Amino acid sequence: MLLISCPNCGSRDETEFHYGGQAHVPYPENPNELTDRQWAEYLFYRDNTKGAFAERWLHSTGCRQWFNMLRDTVTYDIQAIYPMGTPRPDAAGQLTVETGTASLAPDSTTTGTAAPSTSGTSISGTSTTPASTTAPEGATK
Amino acid sequence: MAETAAPATSYEKNLSLRVSPAAQLRADFETGSVRGVVEISEVAFLTMVGLRVNRDSDAGQRVAAVTGGLPATCGSVTGTGDSSVLWLGPEEFLVVAPREAHESLGGGLIQALREALGDGAGQVVDLSANRTTFELTGPRARAVLEKGCSLDLHPRVLKAGTALSTEVGNIPVVLWKTGEETFRLFPRASFADFLGRWLLDAMREYASPEVP
């Protein structure tokens with residue numbers, strides 16, 4: 001079991017927390033202008049990172065507050081815990097050097113600078129507007 | 001239970017008919033308690049008020065004036081007189097007061113809190129029926145809780161007067177250490193029966209003489 005250090009409550013068991021998925025997935029600035037495909041990719045497509053992964057957690061049995069966590073998906077090592085709305089810490093993100101097949105290059109979805117990447121699966125010719133580059137205030141909370 | 005005199009009003013009758021979430025365990029609590037070792041009882045119908053307000057805001061200051069301060073950090077408890085305020089989150093608190101403080105019995109606590117909050121951002125919600133209260137007391141109370149709670153309950157870490165929301169026996173509770181050997185547990189009403197039986201089971205070994 002993971003021992004997670006809640007920013008408000010200190011170290012608690014993993015069973016007190018709920019997982020909130022990948023962090024830094026910004027809400028599209030103009031969701032009405034997205035194609036169905038882009039919208040579906042915003043909703044459902046997430047990274048499957050091997051190595052350091054930024055994710056959201058909720059201390060549901062304690063203070064009921066969300067926070068971000070940088071966790072290694074291979075070793076389960078918790079590298080950083082930081083508040084919602086703050087960017088992914090760089091130094092900790094570069095700690096891990098993995099030799100697996102998954103790319104560790106910081107892509108758009110884990111750095112919070114753009115909407116989920118659609119480069120690998122998008123249908124060309126349907127994109128009407130570029131995906132937003134910034135999340136609205138509070139969208140990541 | 002049975003009223004010998006006819007109640008004056010149907011309202012009083014309604015109050016006399018209410019059943020606490022662990023009322024069916026009352027006899028079991030009596031027989032399951034080990035006198036002088038570990039005892040359990042239900043403290044029914046305490047007045048509880050859910051507070052959500054920023055401590056630093058004007059509304060927070062006004063609410064704090066009514067409750068006798070709002071706790072600042074995880075685990076801390078403030079309060080005046082009979083009522084206590086437990087920290088649940090950075091802007092979330094639980095006021096626990098005797099049952100007489102409830103407006104159904106003529107108390108004015110909830111109304112006073114509502115007026116203190118005014119139109120400030122936050123909320124005051126009567127949560128008296130949300131949770132019930134178990135009181136576990138005795139030298140073995142800590143040993144009983146340690147069977148199902150992963151927090152460090154040793155007195156050098158958990159001081160009397162600390163309240164933490166956590167899990168006991170896989171049930172989310174607010175665990176409040178009210179004295180050196182006294183704990184109060186606040187499980188939600190629907191979990192009260194399970195947690196009561198779980199605690200009785202955990203207490204059972206202390207009824208037997210200790211094996212040297």
# chains A, B, ... in the order shown; residues from 1 in each chain; ligands from 1

$ residues_around --residues "Gly81 in chain B" --least-positions-apart "4" --cutoff "10 Å" --atoms "only C-alpha atoms" --output "list in words"
Thr67, Gly68 and Ala97 of chain B

$ interface_residues --of "chain A" --to "chain B" --cutoff "9 Å" --atoms "only C-alpha atoms" --output "PyMOL selection string"
chain A and resi 8-13+15-16+61-65

$ write_last_selection --atoms "C-alpha atoms" --output "PDB file, in the first residue's frame"
ATOM      1  CA  ASN A   8      -3.071  19.127   4.668  1.00  0.00           C
ATOM      2  CA  CYS A   9      -3.135  15.996   6.797  1.00  0.00           C
ATOM      3  CA  GLY A  10       0.290  14.384   6.522  1.00  0.00           C
ATOM      4  CA  SER A  11       1.020  10.739   5.822  1.00  0.00           C
ATOM      5  CA  ARG A  12      -2.031   8.542   5.349  1.00  0.00           C
ATOM      6  CA  ASP A  13      -2.836   5.193   3.827  1.00  0.00           C
ATOM      7  CA  THR A  15      -7.131   3.656   1.008  1.00  0.00           C
ATOM      8  CA  GLU A  16      -8.076   7.111   2.264  1.00  0.00           C
ATOM      9  CA  THR A  61     -11.593  10.296   3.740  1.00  0.00           C
ATOM     10  CA  GLY A  62      -9.630  13.173   5.223  1.00  0.00           C
ATOM     11  CA  CYS A  63      -9.638  16.810   4.222  1.00  0.00           C
ATOM     12  CA  ARG A  64     -11.480  16.175   0.920  1.00  0.00           C
ATOM     13  CA  GLN A  65      -9.010  18.327  -1.005  1.00  0.00           C
TER      14      GLN A  65
END

$ closest_residue --among "A:Pro31, A:Gly20, A:Gly51, A:Pro26" --to "Gln79 in chain A" --atoms "only C-alpha atoms"
A:Gly51

$ atom_distance --atom1 "CA of Asp72 in chain A" --atom2 "CA of Lys50 in chain A"
7.5 Å

$ residues_around --residues "range 127-136 of chain B" --least-positions-apart "4" --cutoff "10 Å" --atoms "only C-alpha atoms" --output "count of residues only"
50

$ residues_around --residues "Asp56 in chain B" --least-positions-apart "3" --cutoff "12 Å" --atoms "only C-alpha atoms" --output "list in words"
Val53, Ala59, Gly60, Gln61, Arg62, Val63, Ala64, Gly69, Leu70, Pro71, Ala72, Pro90, Glu91, Gly120 and Ala121 of chain B

$ write_last_selection --atoms "N, CA and C atoms" --output "mmCIF file, in the first residue's frame"
data_model
loop_
_atom_site.group_PDB
_atom_site.id
_atom_site.type_symbol
_atom_site.label_atom_id
_atom_site.label_comp_id
_atom_site.auth_asym_id
_atom_site.auth_seq_id
_atom_site.Cartn_x
_atom_site.Cartn_y
_atom_site.Cartn_z
ATOM 1 N N VAL B 53 -16.562 27.612 5.600
ATOM 2 C CA VAL B 53 -16.291 29.048 5.545
ATOM 3 C C VAL B 53 -14.778 29.243 5.592
ATOM 4 N N ALA B 59 -16.917 36.710 7.180
ATOM 5 C CA ALA B 59 -17.906 35.740 7.650
ATOM 6 C C ALA B 59 -17.243 34.714 8.569
ATOM 7 N N GLY B 60 -16.016 34.316 8.228
ATOM 8 C CA GLY B 60 -15.289 33.368 9.062
ATOM 9 C C GLY B 60 -15.028 33.929 10.447
ATOM 10 N N GLN B 61 -14.694 35.210 10.494
ATOM 11 C CA GLN B 61 -14.456 35.843 11.801
ATOM 12 C C GLN B 61 -15.733 35.884 12.629
ATOM 13 N N ARG B 62 -16.844 36.183 11.957
ATOM 14 C CA ARG B 62 -18.120 36.250 12.680
ATOM 15 C C ARG B 62 -18.512 34.867 13.191
ATOM 16 N N VAL B 63 -18.337 33.843 12.346
ATOM 17 C CA VAL B 63 -18.665 32.484 12.776
ATOM 18 C C VAL B 63 -17.755 32.064 13.930
ATOM 19 N N ALA B 64 -16.481 32.440 13.830
ATOM 20 C CA ALA B 64 -15.530 32.074 14.881
ATOM 21 C C ALA B 64 -15.926 32.699 16.210
ATOM 22 N N GLY B 69 -13.818 30.326 18.039
ATOM 23 C CA GLY B 69 -12.656 30.078 17.196
ATOM 24 C C GLY B 69 -12.886 28.935 16.231
ATOM 25 N N LEU B 70 -12.162 28.972 15.129
ATOM 26 C CA LEU B 70 -12.176 27.878 14.162
ATOM 27 C C LEU B 70 -10.777 27.273 14.111
ATOM 28 N N PRO B 71 -10.664 25.953 14.163
ATOM 29 C CA PRO B 71 -9.328 25.341 14.188
ATOM 30 C C PRO B 71 -8.573 25.599 12.885
ATOM 31 N N ALA B 72 -7.257 25.746 13.019
ATOM 32 C CA ALA B 72 -6.453 26.145 11.867
ATOM 33 C C ALA B 72 -5.799 24.963 11.169
ATOM 34 N N PRO B 90 -9.475 22.489 5.151
ATOM 35 C CA PRO B 90 -9.013 23.871 5.288
ATOM 36 C C PRO B 90 -10.166 24.866 5.452
ATOM 37 N N GLU B 91 -11.300 24.577 4.841
ATOM 38 C CA GLU B 91 -12.444 25.479 4.977
ATOM 39 C C GLU B 91 -13.681 24.698 5.400
ATOM 40 N N GLY B 120 -22.331 35.921 3.725
ATOM 41 C CA GLY B 120 -20.952 35.602 3.377
ATOM 42 C C GLY B 120 -20.868 34.262 2.668
ATOM 43 N N ALA B 121 -19.738 34.045 1.979
ATOM 44 C CA ALA B 121 -19.550 32.786 1.259
ATOM 45 C C ALA B 121 -19.344 31.660 2.255
#
